[in-house]
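*Asks:* Before we start, here is the structure in question, set down as structure tokens.
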Amino acid sequence: MIVPLEHLLILSTTLFFLGLVCVLVRRNLIMILIGVEVMLNAVGLTLVGASSFWQQLDGQIMVIFLMAMTSAEVSISLAMVVYLNRRKQSIDIRSFDEMRG
Amino acid sequence: MSLAELLSLLPQLILALGGTAILMCGAWLPNRRLWLLTGMGVALTAALTAGLMEPPLAEVAGMYGTSLYARFCTIFWALIIALTLMISCRYAELHKFGGGEYASLLLFAGTGMSLLSAATSLVGLFLGLEAFTLVLYILIAFNRTDNRGAEAGLKYLVLGAVATGFLAFGIALIYTASGSFHLQEALAGLQVEGSLRPLGLAGWALLLVAVGFKISLVPFHLWTPDVYQGAPAPISAVLATAAKGAVVTAFLPLLAGLGSAGAEVKSIIWLLAIITMLVGTFAALPQTNLKRMLAYSSVAHMGYMMIALLVGGEIGGQALLFYLIVYSFATFGAFGVVTSWALENEEIQDYADIRGLGYLHPRRSSALAAFLFSLAGIPPLAGFFGKFGIFHAALRSDYAELAIIGIFTSLVSLYYYMRPIIVLFMQDRAAYQLREGCREEFVLLASCFAAILLLGVYPGPLLELIILVLP
């Protein structure tokens, strides 16, 4: 492996937390979902790195599973975005605060 | 895949293929009741198959096991799915749910749950968990005329997606540290002192965050009351019982396999258990909405289950599974009563609306009272025996402080369980006549009631069965 494992882990951890910050800070639902995508892609990067570190294919297979799962999740969440936008004419998550207590 | 592998996964295949078939046929023949009952039949068939058929292989594709434990869990989740479909019969009619989609989505959720409990590798665990989380995103927002349902769906979607990120990153880090996804090797990799061990522990911490989100441990519980309130009542019942139970049952062998290396992980769970019990109980006290109260009560009950998880071994596992089953029946019954009381445009869930309902609908009100008594742990109902088992196990294995906090919070919980019961049987009635219950609902409530009563006075057979299936 040309790139040391530590470098890869630092990069993917940074990406993961950037995605997390995006989820926590943004108020637009689409931006939140993009943040989640960044988090999941950081995971994919880690898996590929670890797979090459251990000289196994398992990690890469898991990345494929992860991509399949992510696409399913994205299709459901975008359907939700369309549905929420129809109900409230807004995808700002602050407009969804009916329930309290 | 070979025939033997397919046969070993037959119960899950029945659930998944049955769900697909119902989805296809439901498009041609839009008959709500027919598809709900067919779905029930499919779920019961899967439960029977899991119970009666000896699987030819012990493990499939290095991802899913077919141990007695996995089969036992499959039976239980399939039964809960069947019960949900049964109680939804009239609810789906009232709210004009698409019968085929509803039934097939619930069956897919059942597949995910049983795969999660059967997982023997981290990949299997991830796929099982995601399979039913994705389905629940849809089911929570299934009632398209309800703004609260949409809001609940949004909250579960955002938090669920973040939890997925944490889970996946945790698994990736554990893989980086140990070089294997298979549970035994992945857990063994953590026991070796080495430069990679901190990575594995960080992975475990992220995994715990994800599990905390899924089973709503404090401080990751904030979504729970909103989602339970907004989701359709039958779906709240699944969320509170099977969706959480499946994660707990998958976590039990995980923690057991960790062995002595898990001291750090266990100390985190110890802390989570304490704050979950305390915060869950005290946040439930001021609630004036039945579904929100049940949500906080489920948070507190997850805290009790964490005690049993910490104790581990035979007595911990036995106490945990028994408690999980008893809790599931009581919670399911309570949400079942809410389902049965639902009107066309809203669900009766505020305490103000159920005032005096006990005189108008005495059977369903007394059933609700019995379920709440069982959750509070009043003998002779099964909840008492379950709590006794957990606290007994904690006292026997040096977790006395957890047992004391647990007993204290159980006493406090009496207040919030008694409140709706007192309101139900108040003389000055504000409530109006609701629908008479239909036959399916009465059968279901009666069977939940029979289960908590029977398990309370005669728990022996179930306890022996649990000892037999424990991994």
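Residue numbering restarts at 1 in every chain; chains get A, B, ... in the order shown in the structure tokens, and ligands count up from 1 in that same order.
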Quick one: everything within 7 Å of Val218 of chain B, counting only C-alpha atoms, minus sequence neighbours fewer than 4 positions away in the same chain. Send it as a PyMOL selection string.
*Replies:* chain B and resi 272+275-276
*Asks:* If you run DSSP on this backbone, which residues of segment 42-223 of chain B come out as strand (DSSP E), and could you give them as a list in words?
*Replies:*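 Listing strand (DSSP E) positions across segment 42-223 of chain B yields Glu59, Val60, Tyr64 and Gly65 of chain B.
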*Asks:* Can you write just those residues out, C-alpha atoms, as a PDB file, in the first residue's frame?
*Replies:*
```pdb
ATOM      1  CA  GLU B  59     -24.280 -20.674   8.836  1.00  0.00           C
ATOM      2  CA  VAL B  60     -25.127 -19.167   5.466  1.00  0.00           C
ATOM      3  CA  TYR B  64     -26.283 -15.322   8.902  1.00  0.00           C
ATOM      4  CA  GLY B  65     -26.525 -18.082  11.468  1.00  0.00           C
TER       5      GLY B  65
END
```
*Asks:* Tell me which protein, DNA and RNA residues are within 10 Å of Asp350 of chain B, counting only C-alpha atoms, leaving out same-chain ones fewer than 6 positions away, and put them as a list of chain:residue names.
*Replies:*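 Residues near the query, excluding close chain neighbours: B:Gln287, B:Thr288, B:Asn289, B:Leu290, B:Lys291, B:Arg292, B:Pro420.
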*Asks:* Would you mind exporting the chosen residues as an mmCIF file, in the first residue's frame, restricted to N, CA and C atoms?
*Replies:*
```
data_model
loop_
_atom_site.group_PDB
_atom_site.id
_atom_site.type_symbol
_atom_site.label_atom_id
_atom_site.label_comp_id
_atom_site.auth_asym_id
_atom_site.auth_seq_id
_atom_site.Cartn_x
_atom_site.Cartn_y
_atom_site.Cartn_z
ATOM 1 N N GLN B 287 -46.089 13.861 31.136
ATOM 2 C CA GLN B 287 -46.761 13.654 29.851
ATOM 3 C C GLN B 287 -48.274 13.569 30.017
ATOM 4 N N THR B 288 -49.004 14.149 29.065
ATOM 5 C CA THR B 288 -50.458 14.043 29.098
ATOM 6 C C THR B 288 -50.973 13.422 27.807
ATOM 7 N N ASN B 289 -50.122 12.701 27.131
ATOM 8 C CA ASN B 289 -50.498 12.059 25.883
ATOM 9 C C ASN B 289 -50.090 10.593 25.987
ATOM 10 N N LEU B 290 -51.033 9.712 25.706
ATOM 11 C CA LEU B 290 -50.796 8.285 25.921
ATOM 12 C C LEU B 290 -49.596 7.779 25.121
ATOM 13 N N LYS B 291 -49.527 8.179 23.827
ATOM 14 C CA LYS B 291 -48.450 7.657 23.001
ATOM 15 C C LYS B 291 -47.093 8.211 23.425
ATOM 16 N N ARG B 292 -47.057 9.478 23.821
ATOM 17 C CA ARG B 292 -45.777 10.044 24.290
ATOM 18 C C ARG B 292 -45.344 9.385 25.585
ATOM 19 N N PRO B 420 -53.100 7.647 33.493
ATOM 20 C CA PRO B 420 -54.144 7.405 32.487
ATOM 21 C C PRO B 420 -55.230 6.461 32.981
#
```
*Asks:* Write down, as an mmCIF file with C-alpha atoms, in the first residue's frame, each residue of chain B that has any atom within 7 Å of an atom of chain A, counting only C-alpha atoms.
*Replies:*
```
data_model
loop_
_atom_site.group_PDB
_atom_site.id
_atom_site.type_symbol
_atom_site.label_atom_id
_atom_site.label_comp_id
_atom_site.auth_asym_id
_atom_site.auth_seq_id
_atom_site.Cartn_x
_atom_site.Cartn_y
_atom_site.Cartn_z
ATOM 1 C CA VAL B 123 -22.026 -7.067 7.191
ATOM 2 C CA LEU B 134 -35.611 1.810 5.400
ATOM 3 C CA ALA B 150 -45.006 13.547 7.877
ATOM 4 C CA GLU B 151 -43.140 15.301 10.665
ATOM 5 C CA ALA B 161 -29.655 8.308 8.447
ATOM 6 C CA VAL B 162 -27.149 9.769 10.909
ATOM 7 C CA GLY B 165 -23.562 6.707 9.221
ATOM 8 C CA ALA B 168 -21.248 2.007 9.154
ATOM 9 C CA PHE B 169 -18.229 3.986 10.359
ATOM 10 C CA ALA B 172 -15.441 0.094 9.179
ATOM 11 C CA THR B 176 -9.715 -1.863 10.154
ATOM 12 C CA GLY B 179 -9.283 -7.487 9.561
ATOM 13 C CA ASP B 226 -42.299 12.688 18.493
#
```
*Asks:* Any idea what's packed within 12 Å of Pro198 of chain B, counting only C-alpha atoms, ignoring anything in its chain fewer than 3 positions away? Could you give it as a list in words?
*Replies:*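 Listing them by chain and then by number gives Leu173, Ile174, Thr176, Ala177, Ser178, Gly189, Leu190, Gln191, Val192, Glu193, Gly194, Ser195, Leu201, Ala202, Gly203, Trp204, Ala205, Ala261 and Glu264 of chain B.
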*Asks:* Mind writing the picked residues with N, CA and C atoms as a PDB file, in the first residue's frame?
*Replies:*
```pdb
ATOM      1  N   LEU B 173     -14.347   0.839  11.234  1.00  0.00           N
ATOM      2  CA  LEU B 173     -13.198   0.941  12.140  1.00  0.00           C
ATOM      3  C   LEU B 173     -12.892  -0.409  12.790  1.00  0.00           C
ATOM      4  N   ILE B 174     -13.958  -1.152  13.166  1.00  0.00           N
ATOM      5  CA  ILE B 174     -13.718  -2.469  13.760  1.00  0.00           C
ATOM      6  C   ILE B 174     -13.029  -3.366  12.729  1.00  0.00           C
ATOM      7  N   THR B 176     -11.092  -2.326  10.285  1.00  0.00           N
ATOM      8  CA  THR B 176      -9.715  -1.863  10.154  1.00  0.00           C
ATOM      9  C   THR B 176      -8.848  -2.434  11.278  1.00  0.00           C
ATOM     10  N   ALA B 177      -9.439  -2.514  12.491  1.00  0.00           N
ATOM     11  CA  ALA B 177      -8.640  -2.975  13.627  1.00  0.00           C
ATOM     12  C   ALA B 177      -8.449  -4.478  13.615  1.00  0.00           C
ATOM     13  N   SER B 178      -9.434  -5.235  13.100  1.00  0.00           N
ATOM     14  CA  SER B 178      -9.350  -6.682  13.279  1.00  0.00           C
ATOM     15  C   SER B 178      -9.162  -7.439  11.965  1.00  0.00           C
ATOM     16  N   GLY B 189     -10.188  -9.915  17.583  1.00  0.00           N
ATOM     17  CA  GLY B 189      -9.159  -8.955  17.210  1.00  0.00           C
ATOM     18  C   GLY B 189      -9.017  -7.839  18.222  1.00  0.00           C
ATOM     19  N   LEU B 190     -10.103  -7.606  18.965  1.00  0.00           N
ATOM     20  CA  LEU B 190     -10.089  -6.519  19.928  1.00  0.00           C
ATOM     21  C   LEU B 190      -9.350  -6.926  21.204  1.00  0.00           C
ATOM     22  N   GLN B 191      -9.219  -8.252  21.403  1.00  0.00           N
ATOM     23  CA  GLN B 191      -8.622  -8.695  22.664  1.00  0.00           C
ATOM     24  C   GLN B 191      -7.108  -8.623  22.646  1.00  0.00           C
ATOM     25  N   VAL B 192      -6.531  -8.567  21.444  1.00  0.00           N
ATOM     26  CA  VAL B 192      -5.071  -8.505  21.362  1.00  0.00           C
ATOM     27  C   VAL B 192      -4.627  -7.072  21.622  1.00  0.00           C
ATOM     28  N   GLU B 193      -3.669  -6.921  22.515  1.00  0.00           N
ATOM     29  CA  GLU B 193      -3.113  -5.586  22.729  1.00  0.00           C
ATOM     30  C   GLU B 193      -2.275  -5.226  21.518  1.00  0.00           C
ATOM     31  N   GLY B 194      -2.543  -4.105  20.912  1.00  0.00           N
ATOM     32  CA  GLY B 194      -1.746  -3.742  19.749  1.00  0.00           C
ATOM     33  C   GLY B 194      -2.021  -2.307  19.377  1.00  0.00           C
ATOM     34  N   SER B 195      -1.339  -1.858  18.336  1.00  0.00           N
ATOM     35  CA  SER B 195      -1.490  -0.448  17.965  1.00  0.00           C
ATOM     36  C   SER B 195      -2.865  -0.178  17.371  1.00  0.00           C
ATOM     37  N   LEU B 201     -11.704   0.110  19.538  1.00  0.00           N
ATOM     38  CA  LEU B 201     -12.541   0.668  20.617  1.00  0.00           C
ATOM     39  C   LEU B 201     -13.326   1.871  20.125  1.00  0.00           C
ATOM     40  N   ALA B 202     -12.684   2.698  19.290  1.00  0.00           N
ATOM     41  CA  ALA B 202     -13.420   3.843  18.720  1.00  0.00           C
ATOM     42  C   ALA B 202     -14.576   3.332  17.878  1.00  0.00           C
ATOM     43  N   GLY B 203     -14.329   2.249  17.125  1.00  0.00           N
ATOM     44  CA  GLY B 203     -15.389   1.637  16.336  1.00  0.00           C
ATOM     45  C   GLY B 203     -16.534   1.199  17.221  1.00  0.00           C
ATOM     46  N   TRP B 204     -16.198   0.594  18.341  1.00  0.00           N
ATOM     47  CA  TRP B 204     -17.230   0.150  19.277  1.00  0.00           C
ATOM     48  C   TRP B 204     -18.022   1.320  19.827  1.00  0.00           C
ATOM     49  N   ALA B 205     -17.320   2.420  20.113  1.00  0.00           N
ATOM     50  CA  ALA B 205     -18.027   3.588  20.645  1.00  0.00           C
ATOM     51  C   ALA B 205     -19.042   4.091  19.620  1.00  0.00           C
ATOM     52  N   ALA B 261     -12.394  -8.261  27.046  1.00  0.00           N
ATOM     53  CA  ALA B 261     -11.915  -7.056  26.368  1.00  0.00           C
ATOM     54  C   ALA B 261     -12.941  -5.942  26.428  1.00  0.00           C
ATOM     55  N   GLU B 264     -14.158  -1.569  28.809  1.00  0.00           N
ATOM     56  CA  GLU B 264     -14.417  -0.166  28.484  1.00  0.00           C
ATOM     57  C   GLU B 264     -15.841  -0.002  27.944  1.00  0.00           C
TER      58      GLU B 264
END
```
*Asks:* If you run DSSP over the backbone, which residues in segment 51-91 of chain A end up alpha helix (DSSP H)? Put them as a PyMOL selection string.
*Replies:* chain A and resi 51-53+58-88
*Asks:* Could you dump the residues just selected with N, CA and C atoms as a short mmCIF file (atom, residue, chain, number, x, y, z; two decimals), in the first residue's frame?
*Replies:*
```cif
data_model
loop_
_atom_site.label_atom_id
_atom_site.label_comp_id
_atom_site.auth_asym_id
_atom_site.auth_seq_id
_atom_site.Cartn_x
_atom_site.Cartn_y
_atom_site.Cartn_z
N SER A 51 -9.37 -2.66 3.54
CA SER A 51 -9.33 -3.86 2.72
C SER A 51 -7.96 -4.02 2.07
N SER A 52 -7.38 -2.90 1.64
CA SER A 52 -6.07 -3.02 1.01
C SER A 52 -4.97 -3.21 2.07
N PHE A 53 -5.20 -2.70 3.28
CA PHE A 53 -4.24 -2.89 4.38
C PHE A 53 -4.16 -4.37 4.76
N ASP A 58 -12.92 -8.55 1.36
CA ASP A 58 -14.16 -8.37 2.15
C ASP A 58 -14.58 -6.92 2.23
N GLY A 59 -13.62 -6.04 2.51
CA GLY A 59 -13.94 -4.63 2.70
C GLY A 59 -14.54 -4.03 1.45
N GLN A 60 -14.00 -4.44 0.28
CA GLN A 60 -14.52 -3.87 -0.96
C GLN A 60 -15.92 -4.38 -1.26
N ILE A 61 -16.17 -5.64 -0.88
CA ILE A 61 -17.52 -6.17 -1.08
C ILE A 61 -18.50 -5.38 -0.21
N MET A 62 -18.05 -5.09 1.01
CA MET A 62 -18.91 -4.33 1.92
C MET A 62 -19.21 -2.95 1.33
N VAL A 63 -18.21 -2.36 0.61
CA VAL A 63 -18.45 -1.05 -0.01
C VAL A 63 -19.58 -1.15 -1.03
N ILE A 64 -19.58 -2.27 -1.78
CA ILE A 64 -20.66 -2.43 -2.78
C ILE A 64 -22.02 -2.51 -2.08
N PHE A 65 -22.06 -3.31 -0.99
CA PHE A 65 -23.30 -3.38 -0.22
C PHE A 65 -23.71 -2.00 0.26
N LEU A 66 -22.71 -1.27 0.74
CA LEU A 66 -22.98 0.07 1.29
C LEU A 66 -23.56 0.98 0.21
N MET A 67 -23.00 0.89 -1.01
CA MET A 67 -23.50 1.74 -2.09
C MET A 67 -24.94 1.37 -2.44
N ALA A 68 -25.21 0.05 -2.47
CA ALA A 68 -26.57 -0.38 -2.80
C ALA A 68 -27.54 0.14 -1.75
N MET A 69 -27.13 0.00 -0.48
CA MET A 69 -27.99 0.45 0.61
C MET A 69 -28.22 1.96 0.54
N THR A 70 -27.12 2.67 0.24
CA THR A 70 -27.23 4.13 0.19
C THR A 70 -28.19 4.57 -0.91
N SER A 71 -28.13 3.87 -2.06
CA SER A 71 -29.02 4.31 -3.15
C SER A 71 -30.47 4.06 -2.76
N ALA A 72 -30.73 2.96 -2.06
CA ALA A 72 -32.10 2.72 -1.59
C ALA A 72 -32.52 3.81 -0.62
N GLU A 73 -31.60 4.16 0.27
CA GLU A 73 -31.92 5.17 1.27
C GLU A 73 -32.19 6.52 0.59
N VAL A 74 -31.35 6.85 -0.42
CA VAL A 74 -31.53 8.14 -1.09
C VAL A 74 -32.86 8.19 -1.80
N SER A 75 -33.24 7.06 -2.44
CA SER A 75 -34.51 7.11 -3.17
C SER A 75 -35.66 7.32 -2.20
N ILE A 76 -35.60 6.67 -1.04
CA ILE A 76 -36.68 6.87 -0.06
C ILE A 76 -36.66 8.29 0.49
N SER A 77 -35.43 8.79 0.80
CA SER A 77 -35.43 10.12 1.41
C SER A 77 -35.82 11.20 0.42
N LEU A 78 -35.48 11.02 -0.88
CA LEU A 78 -35.91 12.03 -1.84
C LEU A 78 -37.42 11.98 -2.04
N ALA A 79 -37.99 10.76 -1.98
CA ALA A 79 -39.44 10.66 -2.03
C ALA A 79 -40.06 11.40 -0.85
N MET A 80 -39.42 11.26 0.31
CA MET A 80 -39.90 11.98 1.51
C MET A 80 -39.82 13.49 1.30
N VAL A 81 -38.70 13.94 0.65
CA VAL A 81 -38.54 15.38 0.42
C VAL A 81 -39.68 15.91 -0.43
N VAL A 82 -40.00 15.16 -1.51
CA VAL A 82 -41.09 15.60 -2.38
C VAL A 82 -42.39 15.66 -1.61
N TYR A 83 -42.64 14.60 -0.81
CA TYR A 83 -43.88 14.51 -0.04
C TYR A 83 -43.98 15.65 0.99
N LEU A 84 -42.88 15.91 1.70
CA LEU A 84 -42.89 16.97 2.72
C LEU A 84 -43.07 18.33 2.05
N ASN A 85 -42.43 18.50 0.90
CA ASN A 85 -42.56 19.77 0.20
C ASN A 85 -44.00 20.01 -0.24
N ARG A 86 -44.70 18.94 -0.63
CA ARG A 86 -46.11 19.09 -1.00
C ARG A 86 -46.95 19.46 0.20
N ARG A 87 -46.64 18.89 1.34
CA ARG A 87 -47.48 19.14 2.52
C ARG A 87 -47.30 20.56 3.04
N LYS A 88 -46.04 21.03 3.09
CA LYS A 88 -45.79 22.30 3.76
C LYS A 88 -45.22 23.38 2.84
#
```
*Asks:* Hey, can you check how far atom CA of Leu395 of chain B sits from atom CA of Ile307 of chain B?
*Replies:* 10.5 Å
*Asks:* Residues near Val423 of chain B, anyone? I mean within 8 Å using only C-alpha atoms, not counting same-chain ones fewer than 4 positions away, as a list of chain:residue names.
*Replies:*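 Once the nearby chain positions are removed, what remains is B:Tyr351, B:Ile354, B:Arg355, B:Gly356, B:Arg419.
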*Asks:* Could you name the residues that touch Thr224 of chain B at 9 Å or less, counting only C-alpha atoms, but leaving out those on the same chain fewer than 6 positions away, as a compact mmCIF listing (two decimals) with C-alpha atoms, in the first residue's frame?
*Replies:*
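New file part.txt:
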```txt
# COMPACT_ATOMS: atom_id res chain seq x y z
CA TYR B 156 -36.94 9.41 11.99
CA SER B 216 -33.42 5.18 22.09
CA ARG B 292 -45.78 10.04 24.29
CA ALA B 295 -42.56 6.36 24.27
CA TYR B 296 -40.81 7.57 27.41
CA SER B 298 -40.14 2.42 26.38
CA VAL B 299 -37.01 4.52 26.93
```
*Asks:* Take atom CA of Ser8 of chain B and atom CA of Ile80 of chain B and report the distance between them in Å, one decimal.
*Replies:*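 Between atom CA of Ser8 of chain B and atom CA of Ile80 of chain B the gap works out to 21.6 Å.
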